[in-house]
Amino acid sequence: MKRFLPLLILTPGMALAHAGDHGTAPFAAGLVHPVGGTDHLLAMVAVGLWAAGSGGRAVWALPLSFVAAMLVGGLLGAWGVPLPGVEPMILASVILIGVAAALAFNPGLVLSGLAVALFGLFHGHAHGTEGPVSDLAQYALGFSLATMALHGLGLAIGLGLTRVSQTGLLRGLGGATAIAGLALAMT
């Protein structure tokens with residue numbers, strides 16, 4: 001992670017970039033969009049880390065809450081419904097979800113689910129605003145699958161670390177995510 005942070009600071013355009021050719025292949029553009037910006041990538045993996053650290057029903061409820069709200073946000077963005085503060089909320093999601101994972105913060109399933117859903121709404125709005133309105137269903141399918149894969153990656157890492165009694169490392173990854181979010185906010 002120490003090697004990664006200077007890259008974020010030196011490449012601010014890349015940190016918040018959202019790649020993808022939305023005109024030719026909407027499904028592929030949707031798949032690429034969540035991994036095209038470091039902010040999205042970090043937040044989505046952090047949801048999996050937090051869910052794994054929380055355990056129980058949070059393992060499936062947090063990722064599903066995020067994806068469901070993200071789809072709603074995607075529709076709002078595609079329809080041109082304004083949502084103020086999208087980029088600041090996306091950055092806040094990286095920092096706050098990272099902190100929640102680092103501190104093993106567990107306010108209960110409902111509050112955790114509402115928090116990730118709120119952040120998912122903003123991530124989805126960014127996806128929908130930047131996506132092709134002509135084939136929104138294919139694009140949404142792509143970004144939903146990519147998001148679920150990133151949540152799954154965070155879950156796999158978190159659950160794996162929990163199984164081998166390395167919860168300290170899991171929490172450290174949450175902290176590193178929050179620090180990376182702060183670095184993004186400063187670029």
# chains A, B, ... in the order shown; residues from 1 in each chain; ligands from 1

call {"tool": "residues_around", "arguments": {"residues": "range 79-81 of chain A", "least_positions_apart": "4", "cutoff": "9 Å", "atoms": "only C-alpha atoms", "output": "list in words"}}
result
Gly74, Leu75, His125, Gly128, Thr129 and Val133 of chain A

call {"tool": "write_last_selection", "arguments": {"atoms": "N, CA, C and O atoms", "output": "PDB file, in the first residue's frame"}}
result
ATOM      1  N   GLY A  74     -28.328   4.674 -10.432  1.00  0.00           N
ATOM      2  CA  GLY A  74     -28.029   4.623 -11.860  1.00  0.00           C
ATOM      3  C   GLY A  74     -29.199   5.099 -12.702  1.00  0.00           C
ATOM      4  O   GLY A  74     -29.020   5.848 -13.667  1.00  0.00           O
ATOM      5  N   LEU A  75     -30.389   4.676 -12.327  1.00  0.00           N
ATOM      6  CA  LEU A  75     -31.586   5.145 -13.038  1.00  0.00           C
ATOM      7  C   LEU A  75     -31.764   6.657 -12.888  1.00  0.00           C
ATOM      8  O   LEU A  75     -32.044   7.357 -13.861  1.00  0.00           O
ATOM      9  N   HIS A 125     -25.429   6.788  -9.186  1.00  0.00           N
ATOM     10  CA  HIS A 125     -25.724   8.031  -9.910  1.00  0.00           C
ATOM     11  C   HIS A 125     -24.570   8.387 -10.839  1.00  0.00           C
ATOM     12  O   HIS A 125     -24.791   8.773 -11.989  1.00  0.00           O
ATOM     13  N   GLY A 128     -24.735   6.020 -13.783  1.00  0.00           N
ATOM     14  CA  GLY A 128     -25.857   6.323 -14.673  1.00  0.00           C
ATOM     15  C   GLY A 128     -25.676   7.609 -15.451  1.00  0.00           C
ATOM     16  O   GLY A 128     -26.052   7.696 -16.621  1.00  0.00           O
ATOM     17  N   THR A 129     -25.086   8.604 -14.823  1.00  0.00           N
ATOM     18  CA  THR A 129     -24.852   9.880 -15.492  1.00  0.00           C
ATOM     19  C   THR A 129     -23.865   9.721 -16.639  1.00  0.00           C
ATOM     20  O   THR A 129     -23.995  10.376 -17.666  1.00  0.00           O
ATOM     21  N   VAL A 133     -27.663   6.068 -22.294  1.00  0.00           N
ATOM     22  CA  VAL A 133     -29.100   5.987 -22.017  1.00  0.00           C
ATOM     23  C   VAL A 133     -29.775   5.041 -23.004  1.00  0.00           C
ATOM     24  O   VAL A 133     -30.766   4.392 -22.682  1.00  0.00           O
TER      25      VAL A 133
END

call {"tool": "residues_around", "arguments": {"residues": "Leu64 in chain A", "least_positions_apart": "4", "cutoff": "9 Å", "atoms": "only C-alpha atoms", "output": "MDAnalysis selection string"}}
result
chainID A and resid 60 68:69 113 117 148

call {"tool": "select_by_dssp", "arguments": {"residues": "range 41-143 of chain A", "states": "alpha helix (DSSP H)", "output": "short mmCIF file (atom, residue, chain, number, x, y, z; two decimals) with N, CA and C atoms, in the first residue's frame"}}
result
data_model
loop_
_atom_site.label_atom_id
_atom_site.label_comp_id
_atom_site.auth_asym_id
_atom_site.auth_seq_id
_atom_site.Cartn_x
_atom_site.Cartn_y
_atom_site.Cartn_z
N LEU A 41 -13.42 1.58 -7.16
CA LEU A 41 -12.76 0.31 -6.87
C LEU A 41 -12.53 0.12 -5.37
N LEU A 42 -11.96 1.12 -4.73
CA LEU A 42 -11.68 1.02 -3.30
C LEU A 42 -12.95 0.88 -2.47
N ALA A 43 -13.95 1.68 -2.79
CA ALA A 43 -15.20 1.64 -2.00
C ALA A 43 -15.87 0.28 -2.12
N MET A 44 -15.89 -0.27 -3.31
CA MET A 44 -16.61 -1.53 -3.52
C MET A 44 -15.91 -2.70 -2.86
N VAL A 45 -14.58 -2.72 -2.89
CA VAL A 45 -13.84 -3.76 -2.17
C VAL A 45 -14.02 -3.57 -0.66
N ALA A 46 -14.04 -2.31 -0.22
CA ALA A 46 -14.21 -2.02 1.22
C ALA A 46 -15.56 -2.49 1.74
N VAL A 47 -16.59 -2.43 0.92
CA VAL A 47 -17.90 -2.96 1.35
C VAL A 47 -17.76 -4.44 1.69
N GLY A 48 -17.05 -5.18 0.85
CA GLY A 48 -16.82 -6.60 1.13
C GLY A 48 -16.00 -6.83 2.38
N LEU A 49 -14.98 -6.00 2.57
CA LEU A 49 -14.16 -6.11 3.79
C LEU A 49 -15.00 -5.86 5.04
N TRP A 50 -15.79 -4.79 5.00
CA TRP A 50 -16.63 -4.46 6.16
C TRP A 50 -17.64 -5.57 6.43
N ALA A 51 -18.26 -6.07 5.36
CA ALA A 51 -19.24 -7.15 5.51
C ALA A 51 -18.59 -8.39 6.11
N ALA A 52 -17.40 -8.74 5.63
CA ALA A 52 -16.70 -9.92 6.16
C ALA A 52 -16.35 -9.72 7.63
N GLY A 53 -15.89 -8.53 7.97
CA GLY A 53 -15.55 -8.25 9.37
C GLY A 53 -16.75 -8.24 10.28
N SER A 54 -17.90 -7.86 9.73
CA SER A 54 -19.13 -7.83 10.53
C SER A 54 -19.70 -9.23 10.71
N ALA A 58 -24.61 -9.79 7.55
CA ALA A 58 -23.97 -8.66 6.88
C ALA A 58 -23.18 -9.13 5.66
N VAL A 59 -22.72 -10.36 5.66
CA VAL A 59 -21.92 -10.89 4.55
C VAL A 59 -22.68 -10.79 3.23
N TRP A 60 -23.96 -11.01 3.26
CA TRP A 60 -24.74 -10.87 2.02
C TRP A 60 -25.55 -9.58 2.00
N ALA A 61 -25.99 -9.10 3.16
CA ALA A 61 -26.89 -7.93 3.19
C ALA A 61 -26.20 -6.64 2.78
N LEU A 62 -24.96 -6.42 3.21
CA LEU A 62 -24.29 -5.17 2.86
C LEU A 62 -24.03 -5.07 1.36
N PRO A 63 -23.43 -6.10 0.74
CA PRO A 63 -23.26 -6.00 -0.72
C PRO A 63 -24.58 -5.86 -1.48
N LEU A 64 -25.59 -6.59 -1.08
CA LEU A 64 -26.88 -6.48 -1.78
C LEU A 64 -27.52 -5.11 -1.59
N SER A 65 -27.39 -4.55 -0.40
CA SER A 65 -27.93 -3.20 -0.16
C SER A 65 -27.24 -2.18 -1.06
N PHE A 66 -25.92 -2.31 -1.17
CA PHE A 66 -25.16 -1.39 -2.02
C PHE A 66 -25.61 -1.51 -3.48
N VAL A 67 -25.68 -2.74 -3.99
CA VAL A 67 -26.02 -2.95 -5.40
C VAL A 67 -27.45 -2.50 -5.69
N ALA A 68 -28.38 -2.80 -4.82
CA ALA A 68 -29.77 -2.38 -5.05
C ALA A 68 -29.89 -0.86 -5.11
N ALA A 69 -29.27 -0.18 -4.16
CA ALA A 69 -29.32 1.28 -4.16
C ALA A 69 -28.54 1.85 -5.34
N MET A 70 -27.46 1.18 -5.74
CA MET A 70 -26.67 1.63 -6.88
C MET A 70 -27.51 1.60 -8.16
N LEU A 71 -28.33 0.58 -8.31
CA LEU A 71 -29.20 0.50 -9.49
C LEU A 71 -30.22 1.64 -9.50
N VAL A 72 -30.77 1.98 -8.34
CA VAL A 72 -31.70 3.11 -8.24
C VAL A 72 -30.96 4.40 -8.60
N GLY A 73 -29.76 4.58 -8.04
CA GLY A 73 -28.97 5.76 -8.36
C GLY A 73 -28.62 5.82 -9.83
N GLY A 74 -28.33 4.67 -10.43
CA GLY A 74 -28.03 4.62 -11.86
C GLY A 74 -29.20 5.10 -12.70
N LEU A 75 -30.39 4.68 -12.33
CA LEU A 75 -31.59 5.14 -13.04
C LEU A 75 -31.76 6.66 -12.89
N LEU A 76 -31.59 7.15 -11.67
CA LEU A 76 -31.72 8.59 -11.44
C LEU A 76 -30.72 9.37 -12.28
N GLY A 77 -29.48 8.89 -12.32
CA GLY A 77 -28.45 9.56 -13.11
C GLY A 77 -28.75 9.52 -14.60
N ALA A 78 -29.18 8.37 -15.09
CA ALA A 78 -29.50 8.23 -16.51
C ALA A 78 -30.69 9.10 -16.92
N VAL A 86 -22.23 14.30 -5.61
CA VAL A 86 -21.95 12.90 -5.95
C VAL A 86 -20.49 12.55 -5.71
N GLU A 87 -19.57 13.30 -6.28
CA GLU A 87 -18.14 12.96 -6.11
C GLU A 87 -17.69 13.05 -4.65
N PRO A 88 -18.08 14.10 -3.89
CA PRO A 88 -17.70 14.10 -2.47
C PRO A 88 -18.26 12.91 -1.70
N MET A 89 -19.47 12.48 -2.03
CA MET A 89 -20.05 11.32 -1.33
C MET A 89 -19.33 10.03 -1.71
N ILE A 90 -18.89 9.94 -2.95
CA ILE A 90 -18.13 8.76 -3.36
C ILE A 90 -16.81 8.71 -2.60
N LEU A 91 -16.14 9.85 -2.51
CA LEU A 91 -14.90 9.89 -1.73
C LEU A 91 -15.17 9.59 -0.25
N ALA A 92 -16.25 10.14 0.27
CA ALA A 92 -16.61 9.87 1.67
C ALA A 92 -16.86 8.38 1.88
N SER A 93 -17.42 7.72 0.89
CA SER A 93 -17.69 6.29 1.03
C SER A 93 -16.39 5.50 1.18
N VAL A 94 -15.38 5.88 0.41
CA VAL A 94 -14.09 5.18 0.51
C VAL A 94 -13.54 5.34 1.93
N ILE A 95 -13.55 6.57 2.40
CA ILE A 95 -12.98 6.86 3.72
C ILE A 95 -13.79 6.21 4.84
N LEU A 96 -15.09 6.43 4.82
CA LEU A 96 -15.92 5.97 5.95
C LEU A 96 -16.12 4.46 5.98
N ILE A 97 -16.28 3.84 4.83
CA ILE A 97 -16.40 2.38 4.83
C ILE A 97 -15.06 1.75 5.22
N GLY A 98 -13.96 2.37 4.77
CA GLY A 98 -12.64 1.91 5.19
C GLY A 98 -12.46 2.02 6.70
N VAL A 99 -12.88 3.15 7.26
CA VAL A 99 -12.80 3.34 8.72
C VAL A 99 -13.68 2.32 9.44
N ALA A 100 -14.88 2.09 8.93
CA ALA A 100 -15.78 1.11 9.56
C ALA A 100 -15.15 -0.27 9.58
N ALA A 101 -14.50 -0.65 8.47
CA ALA A 101 -13.83 -1.96 8.42
C ALA A 101 -12.64 -1.97 9.38
N ALA A 102 -11.90 -0.86 9.42
CA ALA A 102 -10.71 -0.78 10.29
C ALA A 102 -11.06 -0.88 11.76
N LEU A 109 -27.16 -4.38 11.71
CA LEU A 109 -27.36 -4.67 10.30
C LEU A 109 -28.15 -3.58 9.58
N VAL A 110 -29.18 -3.06 10.22
CA VAL A 110 -30.02 -2.05 9.58
C VAL A 110 -29.22 -0.78 9.30
N LEU A 111 -28.51 -0.27 10.29
CA LEU A 111 -27.73 0.96 10.09
C LEU A 111 -26.59 0.75 9.11
N SER A 112 -25.91 -0.37 9.19
CA SER A 112 -24.84 -0.67 8.25
C SER A 112 -25.39 -0.75 6.83
N GLY A 113 -26.52 -1.44 6.70
CA GLY A 113 -27.16 -1.57 5.39
C GLY A 113 -27.60 -0.24 4.83
N LEU A 114 -28.15 0.62 5.68
CA LEU A 114 -28.55 1.96 5.22
C LEU A 114 -27.35 2.80 4.80
N ALA A 115 -26.26 2.68 5.53
CA ALA A 115 -25.05 3.44 5.19
C ALA A 115 -24.52 3.03 3.83
N VAL A 116 -24.36 1.72 3.60
CA VAL A 116 -23.84 1.30 2.30
C VAL A 116 -24.84 1.57 1.19
N ALA A 117 -26.13 1.52 1.50
CA ALA A 117 -27.14 1.84 0.48
C ALA A 117 -27.04 3.32 0.08
N LEU A 118 -26.85 4.19 1.05
CA LEU A 118 -26.70 5.61 0.74
C LEU A 118 -25.50 5.82 -0.17
N PHE A 119 -24.38 5.21 0.16
CA PHE A 119 -23.20 5.36 -0.68
C PHE A 119 -23.42 4.70 -2.04
N GLY A 120 -24.10 3.57 -2.07
CA GLY A 120 -24.40 2.91 -3.33
C GLY A 120 -25.24 3.78 -4.25
N LEU A 121 -26.16 4.53 -3.68
CA LEU A 121 -27.00 5.45 -4.45
C LEU A 121 -26.12 6.45 -5.21
N PHE A 122 -25.13 7.00 -4.52
CA PHE A 122 -24.26 7.99 -5.13
C PHE A 122 -23.32 7.36 -6.18
N HIS A 123 -22.81 6.19 -5.88
CA HIS A 123 -21.98 5.50 -6.87
C HIS A 123 -22.80 5.20 -8.12
N GLY A 124 -24.02 4.73 -7.91
CA GLY A 124 -24.89 4.43 -9.04
C GLY A 124 -25.21 5.67 -9.87
N HIS A 125 -25.43 6.79 -9.19
CA HIS A 125 -25.72 8.03 -9.91
C HIS A 125 -24.57 8.39 -10.84
N ALA A 126 -23.35 8.24 -10.33
CA ALA A 126 -22.18 8.51 -11.18
C ALA A 126 -22.15 7.57 -12.38
N HIS A 127 -22.44 6.31 -12.15
CA HIS A 127 -22.47 5.35 -13.26
C HIS A 127 -23.55 5.73 -14.27
N GLY A 128 -24.73 6.02 -13.78
CA GLY A 128 -25.86 6.32 -14.67
C GLY A 128 -25.68 7.61 -15.45
N THR A 129 -25.09 8.60 -14.82
CA THR A 129 -24.85 9.88 -15.49
C THR A 129 -23.87 9.72 -16.64
N GLU A 130 -22.90 8.85 -16.46
CA GLU A 130 -21.84 8.70 -17.45
C GLU A 130 -22.11 7.57 -18.44
N LEU A 136 -29.38 1.26 -21.45
CA LEU A 136 -29.13 1.34 -20.01
C LEU A 136 -29.15 -0.03 -19.34
N ALA A 137 -30.01 -0.92 -19.81
CA ALA A 137 -30.12 -2.24 -19.17
C ALA A 137 -28.82 -3.02 -19.28
N GLN A 138 -28.21 -3.05 -20.46
CA GLN A 138 -26.94 -3.75 -20.65
C GLN A 138 -25.82 -3.11 -19.84
N TYR A 139 -25.79 -1.79 -19.85
CA TYR A 139 -24.78 -1.04 -19.10
C TYR A 139 -24.93 -1.31 -17.60
N ALA A 140 -26.18 -1.25 -17.10
CA ALA A 140 -26.44 -1.49 -15.68
C ALA A 140 -26.08 -2.93 -15.28
N LEU A 141 -26.37 -3.87 -16.16
CA LEU A 141 -25.99 -5.26 -15.89
C LEU A 141 -24.47 -5.36 -15.75
N GLY A 142 -23.76 -4.70 -16.63
CA GLY A 142 -22.30 -4.72 -16.58
C GLY A 142 -21.75 -4.12 -15.30
N PHE A 143 -22.22 -2.91 -14.94
CA PHE A 143 -21.66 -2.31 -13.73
C PHE A 143 -22.14 -3.01 -12.46
#

call {"tool": "residues_around", "arguments": {"residues": "Gly172 in chain A", "least_positions_apart": "2", "cutoff": "10 Å", "atoms": "only C-alpha atoms", "output": "list in words"}}
result
Gly98, Val99, Ala101, Ala102, Leu103, Gln166, Thr167, Gly168, Leu169, Leu170, Gly174, Gly175, Ala176, Thr177 and Ala178 of chain A

call {"tool": "atom_distance", "arguments": {"atom1": "CA of Gly158 in chain A", "atom2": "CA of Thr38 in chain A"}}
result
19.5 Å

call {"tool": "closest_residue", "arguments": {"among": "A:Gly160, A:Gly108, A:Gly131, A:Gly152", "to": "Gly30 in chain A", "atoms": "only C-alpha atoms"}}
result
A:Gly131
